[in-house]
Amino acid sequence: MNFFSLYKRNFLYLIKKKINIDNEINLKKKSLENLFSYYGTDKANLWGKGKTKGHGYSKYYEKHLFQLKEKSINLLEIGSYSGSSAASFAKYFTQANIFCIDINISNFKFYSKRIDVFGMDVSNYKSILNFYKKINLTKEESFFDIIIDDGSHKLSDILFTLNNFFQNLNKGGFYIIEDFKFPNYFKHLNDTDEIMIDELIEKIENKKDFHSNIISKEVLRSLKNNTKINCYKGNSGYSDIVFIQKT
């Protein structure tokens, strides 16, 4: 992504008229499934005007994150697209500060005083450092209670993002990767000679050592020794989600 394309997309985001969800006070007590469906994200079982079948991740989100519903938390979403899931999370987690990252924020159509949107390429380490600077965070500092990777689904990006952001997860927090087996199913997303995410999960769960050119030894050690992992299958044959809790 060149600088001018990114600048153009960020400019379009700034001038775009957005839907103020802070005015929609009647949605506060809705379930995540209802909110995902209402705002139009495929995380729901059924979403959109045509009630399209989605991934069906809502029940897994509620299972693990219900305990945080009324708490003051920081949530990072990597890959926000139009902001539909961010809007849903803002209504569900009533005290959350939500940080959204996407390479093309010109699609983002919602506004809330609790949602901050950043147009950037998370595969670029300088962009990540700039993001830290903007939110007054150091690269090693624990800050987020929930981190959701719903980005490009390229294997290299999933591993690179995990390596850079897992260290920013608070103890007890959840690092969530949606569609983590896409590189298994779609060859164009298997773009690097690295360990697949399902293999990585298996080695972490069984406390096995392994080598990666993308994930540092420090992060690998933390994943192996300080996590609890739950994987789930969604509605389709290629819907897979993993919840990695830092213990």
# chains A, B, ... in the order shown; residues from 1 in each chain; ligands from 1
call {"tool": "residues_around", "arguments": {"residues": "Asn26 in chain A", "least_positions_apart": "3", "cutoff": "12 Å", "atoms": "only C-alpha atoms", "output": "compact mmCIF listing (two decimals) with N, CA and C atoms, in the first residue's frame"}}
result
# COMPACT_ATOMS: atom_id res chain seq x y z
N ILE A 21 -24.09 6.13 16.26
CA ILE A 21 -24.75 5.06 17.01
C ILE A 21 -24.96 5.42 18.47
N ASP A 22 -24.33 6.48 18.94
CA ASP A 22 -24.53 6.91 20.33
C ASP A 22 -25.97 7.36 20.56
N ASN A 23 -26.68 7.70 19.49
CA ASN A 23 -28.08 8.12 19.59
C ASN A 23 -29.04 6.93 19.65
N LYS A 29 -29.38 -3.45 25.54
CA LYS A 29 -29.58 -4.74 26.19
C LYS A 29 -29.71 -5.89 25.20
N LYS A 30 -29.36 -5.66 23.95
CA LYS A 30 -29.46 -6.69 22.93
C LYS A 30 -28.30 -7.67 23.04
N LEU A 35 -27.21 -7.77 17.70
CA LEU A 35 -26.44 -6.59 17.29
C LEU A 35 -25.66 -6.86 16.00
N LYS A 91 -22.09 -1.28 21.41
CA LYS A 91 -23.38 -1.41 22.08
C LYS A 91 -23.37 -2.52 23.12
N TYR A 92 -22.64 -3.58 22.85
CA TYR A 92 -22.62 -4.74 23.76
C TYR A 92 -21.73 -4.46 24.98
call {"tool": "select_by_dssp", "arguments": {"residues": "range 38-183 of chain A", "states": "strand (DSSP E or B)", "output": "NGL selection string"}}
result
:A and (46-47 or 52-53 or 74-78 or 97-102 or 110-111 or 115-119 or 144-149 or 169-178)
call {"tool": "closest_residue", "arguments": {"among": "A:Leu189, A:Tyr7, A:Ser31, A:Ile78", "to": "Phe66 in chain A", "atoms": "only C-alpha atoms"}}
result
A:Ser31
call {"tool": "closest_residue", "arguments": {"among": "A:Gly119, A:Asp150, A:Lys51, A:Gly173", "to": "Asp102 in chain A", "atoms": "only C-alpha atoms"}}
result
A:Gly119
